[in-house]
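Student: Input file: final-v2.cif. Contents: mmCIF, C-alpha atoms.
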data_input
#
loop_
_atom_site.group_PDB
_atom_site.id
_atom_site.type_symbol
_atom_site.label_atom_id
_atom_site.label_comp_id
_atom_site.auth_asym_id
_atom_site.auth_seq_id
_atom_site.Cartn_x
_atom_site.Cartn_y
_atom_site.Cartn_z
ATOM 1 C CA MET L 1168 12.701 12.644 -77.938
ATOM 2 C CA MET L 1169 12.533 8.881 -77.401
ATOM 3 C CA ARG L 1170 15.896 8.930 -75.617
ATOM 4 C CA LYS L 1171 14.823 11.865 -73.428
ATOM 5 C CA ALA L 1172 11.601 10.095 -72.533
ATOM 6 C CA GLY L 1173 13.547 6.943 -71.654
ATOM 7 C CA ARG L 1174 15.944 8.854 -69.410
ATOM 8 C CA TYR L 1175 13.000 10.579 -67.734
ATOM 9 C CA HIS L 1176 11.332 7.292 -66.887
ATOM 10 C CA VAL L 1177 14.594 5.809 -65.636
ATOM 11 C CA VAL L 1178 15.246 8.800 -63.375
ATOM 12 C CA ARG L 1179 11.661 8.800 -62.199
ATOM 13 C CA GLY L 1180 11.877 5.097 -61.389
ATOM 14 C CA LEU L 1181 15.086 5.617 -59.412
ATOM 15 C CA VAL L 1182 13.537 8.479 -57.438
ATOM 16 C CA VAL L 1183 10.475 6.400 -56.630
ATOM 17 C CA ALA L 1184 12.679 3.473 -55.544
ATOM 18 C CA LEU L 1185 14.771 5.796 -53.366
ATOM 19 C CA VAL L 1186 11.678 7.272 -51.753
ATOM 20 C CA LEU L 1187 10.295 3.809 -51.045
ATOM 21 C CA LEU L 1188 13.653 2.746 -49.626
ATOM 22 C CA LEU L 1189 13.769 5.793 -47.347
ATOM 23 C CA LEU L 1190 10.199 5.206 -46.226
ATOM 24 C CA GLY L 1191 10.984 1.564 -45.476
ATOM 25 C CA TRP L 1192 14.131 2.483 -43.600
ATOM 26 C CA GLY L 1193 12.272 5.140 -41.649
ATOM 27 C CA GLY L 1194 9.535 2.666 -40.772
ATOM 28 C CA TYR L 1195 12.105 0.136 -39.624
ATOM 29 C CA GLU L 1196 13.939 2.718 -37.538
ATOM 30 C CA GLY L 1197 10.710 3.963 -36.066
ATOM 31 C CA TYR L 1198 9.523 0.487 -35.150
ATOM 32 C CA GLY L 1199 12.909 -0.420 -33.677
ATOM 33 C CA TRP L 1200 12.985 2.732 -31.595
ATOM 34 C CA LEU L 1201 9.458 2.190 -30.269
ATOM 35 C CA ARG L 1202 10.040 -1.479 -29.529
ATOM 36 C CA ALA L 1203 13.313 -0.736 -27.753
ATOM 37 C CA GLU L 1204 11.657 1.987 -25.693
ATOM 38 C CA SER L 1205 8.897 -0.411 -24.708
ATOM 39 C CA LEU L 1206 11.357 -3.163 -23.728
ATOM 40 C CA VAL L 1207 13.511 -0.814 -21.667
ATOM 41 C CA ASP L 1208 10.445 0.464 -19.820
ATOM 42 C CA SER L 1209 9.283 -3.102 -19.204
ATOM 43 C CA ILE L 1210 12.700 -4.129 -17.881
ATOM 44 C CA ALA L 1211 12.765 -1.178 -15.507
ATOM 45 C CA THR L 1212 9.332 -1.863 -14.003
ATOM 46 C CA ALA L 1213 9.055 -5.663 -14.246
ATOM 47 C CA GLU L 1214 9.233 -8.067 -11.380
ATOM 48 C CA THR L 1215 12.845 -9.150 -11.012
ATOM 49 C CA ALA L 1216 11.912 -12.756 -11.760
ATOM 50 C CA ASP L 1217 10.693 -11.692 -15.229
ATOM 51 C CA VAL L 1218 13.808 -9.751 -16.254
ATOM 52 C CA PRO L 1219 15.837 -12.706 -17.670
ATOM 53 C CA GLY L 1220 13.017 -13.411 -20.129
ATOM 54 C CA LEU L 1221 12.909 -9.781 -21.227
ATOM 55 C CA VAL L 1222 16.685 -9.706 -21.680
ATOM 56 C CA MET L 1223 16.340 -12.547 -24.191
ATOM 57 C CA GLN L 1224 14.165 -10.270 -26.356
ATOM 58 C CA LEU L 1225 16.761 -7.504 -26.563
ATOM 59 C CA PRO L 1226 19.306 -8.652 -29.200
ATOM 60 C CA ALA L 1227 17.334 -7.360 -32.209
ATOM 61 C CA TYR L 1228 16.892 -3.941 -30.557
ATOM 62 C CA ARG L 1229 20.286 -3.381 -28.942
ATOM 63 C CA ARG L 1230 21.101 -0.506 -31.315
ATOM 64 C CA TRP L 1231 18.292 1.539 -29.795
ATOM 65 C CA ALA L 1232 18.007 0.020 -26.313
ATOM 66 C CA ASP L 1233 21.568 0.079 -24.960
ATOM 67 C CA ARG L 1234 21.894 3.857 -24.744
ATOM 68 C CA ARG L 1235 18.619 4.062 -22.814
ATOM 69 C CA LEU L 1236 19.681 1.243 -20.511
ATOM 70 C CA ARG L 1237 22.981 2.979 -19.745
ATOM 71 C CA GLN L 1238 21.126 6.188 -18.977
ATOM 72 C CA ARG L 1239 18.867 4.353 -16.532
ATOM 73 C CA LEU L 1240 21.939 2.726 -15.007
ATOM 74 C CA HIS L 1241 23.486 6.170 -14.507
ATOM 75 C CA ASP L 1242 20.332 7.710 -13.044
ATOM 76 C CA SER L 1243 19.503 4.953 -10.519
ATOM 77 C CA THR L 1244 20.902 4.373 -7.034
ATOM 78 C CA GLU L 1245 23.296 1.517 -6.331
ATOM 79 C CA ASP L 1246 20.825 -0.677 -4.440
ATOM 80 C CA SER L 1247 17.684 0.109 -6.443
ATOM 81 C CA LYS L 1248 15.647 -2.339 -8.484
ATOM 82 C CA GLU L 1249 16.147 -0.133 -11.554
ATOM 83 C CA ARG L 1250 19.923 -0.380 -11.206
ATOM 84 C CA LEU L 1251 19.762 -4.159 -10.874
ATOM 85 C CA HIS L 1252 17.476 -4.572 -13.881
ATOM 86 C CA ALA L 1253 19.543 -2.291 -16.111
ATOM 87 C CA SER L 1254 22.716 -4.156 -15.165
ATOM 88 C CA LEU L 1255 21.083 -7.512 -15.925
ATOM 89 C CA ALA L 1256 20.006 -6.207 -19.326
ATOM 90 C CA LEU L 1257 23.468 -4.839 -20.181
ATOM 91 C CA LEU L 1258 25.517 -7.856 -19.087
ATOM 92 C CA PRO L 1259 25.260 -9.662 -22.465
ATOM 93 C CA VAL L 1260 27.040 -6.722 -24.136
ATOM 94 C CA ASP L 1261 29.038 -5.373 -21.173
ATOM 95 C CA ALA L 1262 31.066 -7.914 -19.183
ATOM 96 C CA SER L 1263 31.963 -5.282 -16.570
ATOM 97 C CA GLN L 1264 28.443 -5.591 -15.148
ATOM 98 C CA ALA L 1265 29.383 -9.005 -13.703
ATOM 99 C CA ASP L 1266 31.210 -7.439 -10.740
ATOM 100 C CA TYR L 1267 28.157 -5.484 -9.640
ATOM 101 C CA LEU L 1268 25.804 -8.422 -10.215
ATOM 102 C CA CYS L 1269 27.946 -10.817 -8.166
ATOM 103 C CA ASP L 1270 27.993 -8.359 -5.272
ATOM 104 C CA ARG L 1271 24.269 -7.772 -5.647
ATOM 105 C CA LEU L 1272 23.526 -11.506 -5.560
ATOM 106 C CA LEU L 1273 25.351 -11.870 -2.240
ATOM 107 C CA THR L 1274 23.132 -9.188 -0.695
ATOM 108 C CA ALA L 1275 19.911 -10.191 -2.478
ATOM 109 C CA LYS L 1276 16.713 -9.623 -0.530
ATOM 110 C CA GLY L 1277 15.257 -13.014 -1.332
ATOM 111 C CA PRO L 1278 15.267 -16.150 -3.514
ATOM 112 C CA GLU L 1279 13.544 -14.440 -6.455
ATOM 113 C CA GLU L 1280 16.359 -11.921 -6.843
ATOM 114 C CA VAL L 1281 19.035 -14.582 -6.437
ATOM 115 C CA LYS L 1282 17.430 -16.739 -9.114
ATOM 116 C CA ALA L 1283 17.199 -13.895 -11.633
ATOM 117 C CA VAL L 1284 20.812 -12.793 -11.168
ATOM 118 C CA ARG L 1285 22.037 -16.392 -11.178
ATOM 119 C CA THR L 1286 20.212 -17.096 -14.439
ATOM 120 C CA VAL L 1287 21.690 -14.125 -16.283
ATOM 121 C CA LEU L 1288 25.206 -14.742 -14.927
ATOM 122 C CA ARG L 1289 24.991 -18.396 -15.920
ATOM 123 C CA ASP L 1290 23.879 -17.526 -19.460
ATOM 124 C CA TYR L 1291 26.210 -14.596 -20.185
ATOM 125 C CA ALA L 1292 29.102 -14.691 -17.671
ATOM 126 C CA PRO L 1293 29.450 -18.277 -16.372
ATOM 127 C CA ASP L 1294 33.099 -17.800 -15.424
ATOM 128 C CA ALA L 1295 32.048 -15.160 -12.888
ATOM 129 C CA LEU L 1296 30.286 -17.809 -10.795
ATOM 130 C CA ALA L 1297 33.637 -19.188 -9.633
ATOM 131 C CA ARG L 1298 34.080 -16.176 -7.362
ATOM 132 C CA PHE L 1299 31.300 -17.512 -5.094
ATOM 133 C CA TRP L 1300 33.350 -20.491 -3.912
ATOM 134 C CA PRO L 1301 35.565 -18.461 -1.535
ATOM 135 C CA VAL L 1302 32.448 -16.948 0.043
ATOM 136 C CA LEU L 1303 30.769 -20.325 0.548
ATOM 137 C CA GLN L 1304 33.955 -21.839 1.982
ATOM 138 C CA ASP L 1305 34.624 -18.945 4.365
ATOM 139 C CA ASP L 1306 33.522 -19.964 7.869
ATOM 140 C CA LYS L 1307 33.726 -16.330 8.982
ATOM 141 C CA ALA L 1308 31.391 -15.023 6.260
ATOM 142 C CA GLU L 1309 27.819 -14.083 7.122
ATOM 143 C CA LYS L 1310 25.399 -16.997 6.815
ATOM 144 C CA ALA L 1311 23.134 -15.044 4.477
ATOM 145 C CA ARG L 1312 26.001 -14.417 2.050
ATOM 146 C CA ARG L 1313 27.129 -18.036 2.201
ATOM 147 C CA LEU L 1314 23.620 -19.266 1.425
ATOM 148 C CA ARG L 1315 23.328 -16.961 -1.567
ATOM 149 C CA ALA L 1316 26.727 -18.078 -2.805
ATOM 150 C CA ALA L 1317 25.605 -21.709 -2.494
ATOM 151 C CA CYS L 1318 22.476 -20.978 -4.519
ATOM 152 C CA ALA L 1319 24.547 -19.271 -7.218
ATOM 153 C CA LEU L 1320 26.864 -22.271 -7.537
ATOM 154 C CA ALA L 1321 24.285 -25.076 -7.307
ATOM 155 C CA PRO L 1322 23.176 -25.423 -10.981
ATOM 156 C CA LEU L 1323 26.627 -25.749 -12.543
ATOM 157 C CA THR L 1324 28.717 -27.379 -9.805
ATOM 158 C CA ALA L 1325 26.661 -30.296 -8.458
ATOM 159 C CA ASP L 1326 29.493 -32.728 -9.234
ATOM 160 C CA ASP L 1327 32.216 -30.549 -7.713
ATOM 161 C CA GLY L 1328 34.003 -32.333 -4.891
ATOM 162 C CA ARG L 1329 34.107 -29.158 -2.817
ATOM 163 C CA TRP L 1330 30.446 -29.617 -1.888
ATOM 164 C CA ALA L 1331 31.436 -32.421 0.468
ATOM 165 C CA GLY L 1332 33.146 -29.839 2.644
ATOM 166 C CA VAL L 1333 30.428 -27.197 2.596
ATOM 167 C CA GLY L 1334 27.183 -29.199 2.645
ATOM 168 C CA ASP L 1335 26.785 -28.889 6.402
ATOM 169 C CA ALA L 1336 27.504 -25.156 6.289
ATOM 170 C CA ALA L 1337 24.859 -24.640 3.606
ATOM 171 C CA ALA L 1338 22.342 -26.630 5.660
ATOM 172 C CA ARG L 1339 23.128 -24.521 8.714
ATOM 173 C CA CYS L 1340 22.698 -21.316 6.722
ATOM 174 C CA LEU L 1341 19.231 -22.411 5.594
ATOM 175 C CA GLY L 1342 18.199 -22.631 9.219
ATOM 176 C CA GLU L 1343 18.788 -18.888 9.590
ATOM 177 C CA GLU L 1344 16.291 -17.816 6.899
ATOM 178 C CA LYS L 1345 12.582 -17.051 7.264
ATOM 179 C CA VAL L 1346 10.561 -20.263 7.319
ATOM 180 C CA VAL L 1347 8.055 -18.880 4.804
ATOM 181 C CA LEU L 1348 10.818 -18.610 2.153
ATOM 182 C CA LEU L 1349 12.664 -21.841 2.890
ATOM 183 C CA GLY L 1350 10.807 -23.774 0.194
ATOM 184 C CA GLU L 1351 12.061 -21.307 -2.421
ATOM 185 C CA TRP L 1352 15.620 -21.433 -1.095
ATOM 186 C CA ALA L 1353 15.470 -25.230 -1.135
ATOM 187 C CA GLU L 1354 14.367 -25.194 -4.793
ATOM 188 C CA LEU L 1355 17.382 -23.082 -5.723
ATOM 189 C CA LEU L 1356 19.600 -25.691 -4.054
ATOM 190 C CA ARG L 1357 17.821 -28.700 -5.574
ATOM 191 C CA PRO L 1358 20.759 -29.629 -7.877
ATOM 192 C CA VAL L 1359 22.959 -30.216 -4.803
ATOM 193 C CA ARG L 1360 20.318 -31.730 -2.513
ATOM 194 C CA GLY L 1361 22.353 -34.934 -2.275
ATOM 195 C CA HIS L 1362 25.093 -32.995 -0.482
ATOM 196 C CA LEU L 1363 22.631 -31.274 1.858
ATOM 197 C CA THR L 1364 20.070 -33.899 2.839
ATOM 198 C CA PRO L 1365 22.218 -35.920 5.285
ATOM 199 C CA HIS L 1366 23.096 -32.751 7.194
ATOM 200 C CA LEU L 1367 19.527 -31.446 7.077
ATOM 201 C CA VAL L 1368 18.157 -34.716 8.442
ATOM 202 C CA ARG L 1369 20.725 -34.786 11.225
ATOM 203 C CA ARG L 1370 19.894 -31.212 12.170
ATOM 204 C CA LEU L 1371 16.182 -32.016 12.023
ATOM 205 C CA VAL L 1372 16.655 -34.899 14.456
ATOM 206 C CA GLU L 1373 18.802 -32.785 16.780
ATOM 207 C CA ALA L 1374 16.758 -29.569 16.504
ATOM 208 C CA ASP L 1375 14.845 -28.093 19.405
ATOM 209 C CA ALA L 1376 11.243 -26.911 19.075
ATOM 210 C CA GLY L 1377 12.367 -23.576 17.619
ATOM 211 C CA GLY L 1378 14.596 -25.013 14.905
ATOM 212 C CA PHE L 1379 12.566 -28.061 13.894
ATOM 213 C CA PRO L 1380 10.090 -26.250 11.545
ATOM 214 C CA ALA L 1381 12.902 -24.717 9.495
ATOM 215 C CA PHE L 1382 14.625 -27.993 8.653
ATOM 216 C CA LEU L 1383 11.296 -29.734 8.119
ATOM 217 C CA ALA L 1384 10.281 -27.020 5.624
ATOM 218 C CA VAL L 1385 13.465 -27.562 3.617
ATOM 219 C CA LEU L 1386 13.293 -31.352 3.675
ATOM 220 C CA SER L 1387 9.681 -31.297 2.510
ATOM 221 C CA VAL L 1388 11.036 -30.076 -0.855
ATOM 222 C CA TYR L 1389 13.220 -33.220 -1.106
ATOM 223 C CA PRO L 1390 10.806 -35.885 0.211
ATOM 224 C CA ASP L 1391 12.373 -38.929 -1.454
ATOM 225 C CA GLU L 1392 15.885 -38.111 -0.331
ATOM 226 C CA ALA L 1393 14.699 -37.067 3.137
ATOM 227 C CA VAL L 1394 12.768 -40.252 3.883
ATOM 228 C CA ALA L 1395 15.604 -42.425 2.557
ATOM 229 C CA GLU L 1396 18.120 -40.564 4.730
ATOM 230 C CA LEU L 1397 15.856 -40.792 7.773
ATOM 231 C CA ASP L 1398 15.519 -44.518 7.231
ATOM 232 C CA GLY L 1399 19.296 -44.834 6.966
ATOM 233 C CA GLN L 1400 19.905 -42.841 10.116
ATOM 234 C CA LEU L 1401 17.335 -44.866 12.018
ATOM 235 C CA ARG L 1402 18.951 -48.104 10.916
ATOM 236 C CA ARG L 1403 22.273 -46.818 12.190
ATOM 237 C CA THR L 1404 20.917 -45.625 15.533
ATOM 238 C CA LEU L 1405 18.375 -48.328 16.499
ATOM 239 C CA PRO L 1406 19.616 -50.616 19.283
ATOM 240 C CA PRO L 1407 21.015 -54.007 18.220
ATOM 241 C CA THR L 1408 18.003 -55.774 19.733
ATOM 242 C CA ALA L 1409 15.591 -54.013 17.372
ATOM 243 C CA GLY L 1410 14.452 -56.016 14.400
ATOM 244 C CA GLU L 1411 14.357 -54.853 10.795
ATOM 245 C CA GLU L 1412 10.592 -54.558 10.942
ATOM 246 C CA ASP L 1413 10.919 -52.147 13.871
ATOM 247 C CA GLY L 1414 13.190 -49.875 11.861
ATOM 248 C CA GLN L 1415 10.944 -49.947 8.820
ATOM 249 C CA ALA L 1416 7.872 -49.195 10.897
ATOM 250 C CA LEU L 1417 9.544 -46.255 12.596
ATOM 251 C CA ALA L 1418 10.784 -44.853 9.283
ATOM 252 C CA ARG L 1419 7.293 -45.131 7.816
ATOM 253 C CA GLN L 1420 5.832 -43.415 10.841
ATOM 254 C CA ILE L 1421 8.253 -40.496 10.551
ATOM 255 C CA GLY L 1422 7.583 -40.309 6.817
ATOM 256 C CA ARG L 1423 3.831 -40.085 7.403
ATOM 257 C CA GLY L 1424 4.188 -37.496 10.106
ATOM 258 C CA SER L 1425 6.463 -35.261 8.098
ATOM 259 C CA TRP L 1426 5.606 -35.596 4.425
ATOM 260 C CA GLY L 1427 2.365 -37.529 4.235
ATOM 261 C CA GLU L 1428 1.657 -41.198 3.498
ATOM 262 C CA ARG L 1429 4.100 -42.553 0.917
ATOM 263 C CA GLY L 1430 4.262 -45.607 -1.265
#
Could the structure of this file be written out as structure tokens, please?
Tutor:
Amino acid sequence: MMRKAGRYHVVRGLVVALVLLLLGWGGYEGYGWLRAESLVDSIATAETADVPGLVMQLPAYRRWADRRLRQRLHDSTEDSKERLHASLALLPVDASQADYLCDRLLTAKGPEEVKAVRTVLRDYAPDALARFWPVLQDDKAEKARRLRAACALAPLTADDGRWAGVGDAAARCLGEEKVVLLGEWAELLRPVRGHLTPHLVRRLVEADAGGFPAFLAVLSVYPDEAVAELDGQLRRTLPPTAGEEDGQALARQIGRGSWGERG
């Protein structure tokens, strides 16, 4: 009887442990499923600028989230926000999404979309960024596409010698965008501002009344570089009879008129 009682308690203990294990596993599965569902819904409806941050939360829930993301990818149209967001979310586990995202970046509606796609490509498919160089270097390409290619390349290629040959083209492309968004475009290009500022200043000086505000809006994002370049250009263009004080005074005057009192 003692042996039977012992076996009974052992079996009972194993059953209880199994039940607890199943309950724990079911709770874990249930929580994972709910959290994944919530993340996928958030990714679909979020502002595009917020998607890279949401993608960073996905790794622990990929087992539940990826199937839902692929379904949303399948159900959305090629140029929809839902398609873009699902592709951004799947890129870390599906390298084939890079082709679509590179094409989408080149046709992005604005700086916010470019920044989001650029961030995810940089983090999960950095080699794909190299395909933007031919676009930026193509004089026959649309200016909007060239600008977006420049923004994609800026963070990782600031020291690339090829910028010396495309800085003027990038500056010219900026002049074609809406003035209200030029500050945001300029921020995306901040890492390569040294390659752009001389061309922007020259175009500012040469611009007519219609083009002046655009280049001024961009240069206001790089005030230190802009004022230094203006001063340099003035020194090069002042007549020989002008003294150094004349050049400094004129540079200060332009600096005050464009970017506010400095120094």
Student: Give me, please, the distance in Å between CA of His1252 (chain L) and CA of Tyr1228 (chain L), quoted to one decimal.
Tutor: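 The value is 16.7 Å.
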Student: Given the file above and the PyMOL selection byres ((chain L and resi 1296-1309) around 10), which residues are selected, and can you give them as JSON, numbers by chain?
Tutor: {"L": [1265, 1266, 1269, 1270, 1272, 1273, 1285, 1288, 1289, 1292, 1293, 1294, 1295, 1310, 1311, 1312, 1313, 1314, 1315, 1316, 1317, 1318, 1319, 1320, 1323, 1324, 1329, 1330, 1332, 1333, 1334, 1336, 1337, 1340]}
Student: List the neighbours of Ala1353 (chain L) out to 12 Å using all atoms listed in the file; skip same-chain residues closer than 6 positions along the sequence, and give me the result as a PyMOL selection string.
Tutor: chain L and resi 1278+1282+1314-1315+1317-1318+1321+1337-1338+1340-1342+1344+1346-1347+1359-1361+1363-1364+1367+1381-1390
Student: Counting all atoms listed in the file, which residue out of L:Gln1400, L:Asp1233, L:Leu1255, L:Glu1343 sits closest to Phe1379 (chain L)?
Tutor: L:Glu1343
Student: Here's the selection I'm unsure about, the PyMOL selection byres ((chain L and resi 1204-1210) around 7); applied to the file above, which residues does it give, as a list of chain:residue names?
Tutor: L:Trp1200, L:Leu1201, L:Arg1202, L:Ala1203, L:Ala1211, L:Thr1212, L:Ala1213, L:Val1218, L:Leu1221, L:Ala1232, L:Leu1236, L:His1252
Student: Interatomic distance between CA of Pro1219 (chain L) and CA of Ala1256 (chain L)?
Tutor: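 Answer for the CA of Pro1219 (chain L) to CA of Ala1256 (chain L) separation: 7.9 Å.
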Student: Missing atoms in region 1237-1269 of chain L need filling: write out N, CA and C atoms for it as a PDB file, keeping the file's coordinate frame.
Tutor:
ATOM      1  N   ARG L1237      21.841   2.359 -20.425  1.00  0.00           N
ATOM      2  CA  ARG L1237      22.981   2.979 -19.745  1.00  0.00           C
ATOM      3  C   ARG L1237      22.555   4.263 -19.035  1.00  0.00           C
ATOM      4  N   GLN L1238      21.618   4.978 -19.628  1.00  0.00           N
ATOM      5  CA  GLN L1238      21.126   6.188 -18.977  1.00  0.00           C
ATOM      6  C   GLN L1238      20.381   5.831 -17.689  1.00  0.00           C
ATOM      7  N   ARG L1239      19.578   4.790 -17.737  1.00  0.00           N
ATOM      8  CA  ARG L1239      18.867   4.353 -16.532  1.00  0.00           C
ATOM      9  C   ARG L1239      19.850   3.854 -15.479  1.00  0.00           C
ATOM     10  N   LEU L1240      20.898   3.187 -15.920  1.00  0.00           N
ATOM     11  CA  LEU L1240      21.939   2.726 -15.007  1.00  0.00           C
ATOM     12  C   LEU L1240      22.561   3.922 -14.299  1.00  0.00           C
ATOM     13  N   HIS L1241      22.850   4.972 -15.046  1.00  0.00           N
ATOM     14  CA  HIS L1241      23.486   6.170 -14.507  1.00  0.00           C
ATOM     15  C   HIS L1241      22.568   6.917 -13.544  1.00  0.00           C
ATOM     16  N   ASP L1242      21.273   6.910 -13.825  1.00  0.00           N
ATOM     17  CA  ASP L1242      20.332   7.710 -13.044  1.00  0.00           C
ATOM     18  C   ASP L1242      19.811   7.008 -11.787  1.00  0.00           C
ATOM     19  N   SER L1243      20.060   5.704 -11.644  1.00  0.00           N
ATOM     20  CA  SER L1243      19.503   4.953 -10.519  1.00  0.00           C
ATOM     21  C   SER L1243      20.525   4.809  -9.390  1.00  0.00           C
ATOM     22  N   THR L1244      20.025   4.565  -8.190  1.00  0.00           N
ATOM     23  CA  THR L1244      20.902   4.373  -7.034  1.00  0.00           C
ATOM     24  C   THR L1244      21.455   2.958  -7.014  1.00  0.00           C
ATOM     25  N   GLU L1245      22.542   2.775  -6.305  1.00  0.00           N
ATOM     26  CA  GLU L1245      23.296   1.517  -6.331  1.00  0.00           C
ATOM     27  C   GLU L1245      22.448   0.313  -5.941  1.00  0.00           C
ATOM     28  N   ASP L1246      21.579   0.470  -4.944  1.00  0.00           N
ATOM     29  CA  ASP L1246      20.825  -0.677  -4.440  1.00  0.00           C
ATOM     30  C   ASP L1246      19.381  -0.720  -4.931  1.00  0.00           C
ATOM     31  N   SER L1247      19.061   0.047  -5.956  1.00  0.00           N
ATOM     32  CA  SER L1247      17.684   0.109  -6.443  1.00  0.00           C
ATOM     33  C   SER L1247      17.371  -1.041  -7.388  1.00  0.00           C
ATOM     34  N   LYS L1248      16.081  -1.317  -7.537  1.00  0.00           N
ATOM     35  CA  LYS L1248      15.647  -2.339  -8.484  1.00  0.00           C
ATOM     36  C   LYS L1248      15.979  -1.915  -9.912  1.00  0.00           C
ATOM     37  N   GLU L1249      15.851  -0.620 -10.211  1.00  0.00           N
ATOM     38  CA  GLU L1249      16.147  -0.133 -11.554  1.00  0.00           C
ATOM     39  C   GLU L1249      17.603  -0.374 -11.926  1.00  0.00           C
ATOM     40  N   ARG L1250      18.497  -0.145 -10.966  1.00  0.00           N
ATOM     41  CA  ARG L1250      19.923  -0.380 -11.206  1.00  0.00           C
ATOM     42  C   ARG L1250      20.187  -1.863 -11.481  1.00  0.00           C
ATOM     43  N   LEU L1251      19.592  -2.720 -10.687  1.00  0.00           N
ATOM     44  CA  LEU L1251      19.762  -4.159 -10.874  1.00  0.00           C
ATOM     45  C   LEU L1251      19.261  -4.589 -12.246  1.00  0.00           C
ATOM     46  N   HIS L1252      18.065  -4.140 -12.619  1.00  0.00           N
ATOM     47  CA  HIS L1252      17.476  -4.572 -13.881  1.00  0.00           C
ATOM     48  C   HIS L1252      18.276  -4.064 -15.082  1.00  0.00           C
ATOM     49  N   ALA L1253      18.744  -2.827 -15.012  1.00  0.00           N
ATOM     50  CA  ALA L1253      19.543  -2.291 -16.111  1.00  0.00           C
ATOM     51  C   ALA L1253      20.859  -3.058 -16.247  1.00  0.00           C
ATOM     52  N   SER L1254      21.462  -3.407 -15.135  1.00  0.00           N
ATOM     53  CA  SER L1254      22.716  -4.156 -15.165  1.00  0.00           C
ATOM     54  C   SER L1254      22.505  -5.550 -15.747  1.00  0.00           C
ATOM     55  N   LEU L1255      21.404  -6.201 -15.363  1.00  0.00           N
ATOM     56  CA  LEU L1255      21.083  -7.512 -15.925  1.00  0.00           C
ATOM     57  C   LEU L1255      20.910  -7.426 -17.439  1.00  0.00           C
ATOM     58  N   ALA L1256      20.261  -6.362 -17.894  1.00  0.00           N
ATOM     59  CA  ALA L1256      20.006  -6.207 -19.326  1.00  0.00           C
ATOM     60  C   ALA L1256      21.270  -5.889 -20.113  1.00  0.00           C
ATOM     61  N   LEU L1257      22.236  -5.232 -19.485  1.00  0.00           N
ATOM     62  CA  LEU L1257      23.468  -4.839 -20.181  1.00  0.00           C
ATOM     63  C   LEU L1257      24.555  -5.907 -20.136  1.00  0.00           C
ATOM     64  N   LEU L1258      24.458  -6.857 -19.234  1.00  0.00           N
ATOM     65  CA  LEU L1258      25.517  -7.856 -19.087  1.00  0.00           C
ATOM     66  C   LEU L1258      25.860  -8.572 -20.395  1.00  0.00           C
ATOM     67  N   PRO L1259      24.891  -8.953 -21.227  1.00  0.00           N
ATOM     68  CA  PRO L1259      25.260  -9.662 -22.465  1.00  0.00           C
ATOM     69  C   PRO L1259      26.182  -8.871 -23.389  1.00  0.00           C
ATOM     70  N   VAL L1260      26.184  -7.541 -23.264  1.00  0.00           N
ATOM     71  CA  VAL L1260      27.040  -6.722 -24.136  1.00  0.00           C
ATOM     72  C   VAL L1260      28.087  -5.937 -23.342  1.00  0.00           C
ATOM     73  N   ASP L1261      28.108  -6.128 -22.020  1.00  0.00           N
ATOM     74  CA  ASP L1261      29.038  -5.373 -21.173  1.00  0.00           C
ATOM     75  C   ASP L1261      29.471  -6.268 -20.013  1.00  0.00           C
ATOM     76  N   ALA L1262      30.593  -6.955 -20.184  1.00  0.00           N
ATOM     77  CA  ALA L1262      31.066  -7.914 -19.183  1.00  0.00           C
ATOM     78  C   ALA L1262      31.383  -7.260 -17.849  1.00  0.00           C
ATOM     79  N   SER L1263      31.624  -5.957 -17.826  1.00  0.00           N
ATOM     80  CA  SER L1263      31.963  -5.282 -16.570  1.00  0.00           C
ATOM     81  C   SER L1263      30.806  -5.287 -15.581  1.00  0.00           C
ATOM     82  N   GLN L1264      29.597  -5.547 -16.048  1.00  0.00           N
ATOM     83  CA  GLN L1264      28.443  -5.591 -15.148  1.00  0.00           C
ATOM     84  C   GLN L1264      28.501  -6.798 -14.204  1.00  0.00           C
ATOM     85  N   ALA L1265      29.321  -7.794 -14.521  1.00  0.00           N
ATOM     86  CA  ALA L1265      29.383  -9.005 -13.703  1.00  0.00           C
ATOM     87  C   ALA L1265      29.817  -8.703 -12.278  1.00  0.00           C
ATOM     88  N   ASP L1266      30.737  -7.769 -12.088  1.00  0.00           N
ATOM     89  CA  ASP L1266      31.210  -7.439 -10.740  1.00  0.00           C
ATOM     90  C   ASP L1266      30.052  -6.947  -9.866  1.00  0.00           C
ATOM     91  N   TYR L1267      29.296  -6.013 -10.396  1.00  0.00           N
ATOM     92  CA  TYR L1267      28.157  -5.484  -9.640  1.00  0.00           C
ATOM     93  C   TYR L1267      27.128  -6.585  -9.377  1.00  0.00           C
ATOM     94  N   LEU L1268      26.834  -7.398 -10.371  1.00  0.00           N
ATOM     95  CA  LEU L1268      25.804  -8.422 -10.215  1.00  0.00           C
ATOM     96  C   LEU L1268      26.215  -9.492  -9.208  1.00  0.00           C
ATOM     97  N   CYS L1269      27.487  -9.853  -9.175  1.00  0.00           N
ATOM     98  CA  CYS L1269      27.946 -10.817  -8.166  1.00  0.00           C
ATOM     99  C   CYS L1269      27.792 -10.247  -6.763  1.00  0.00           C
TER     100      CYS L1269
END
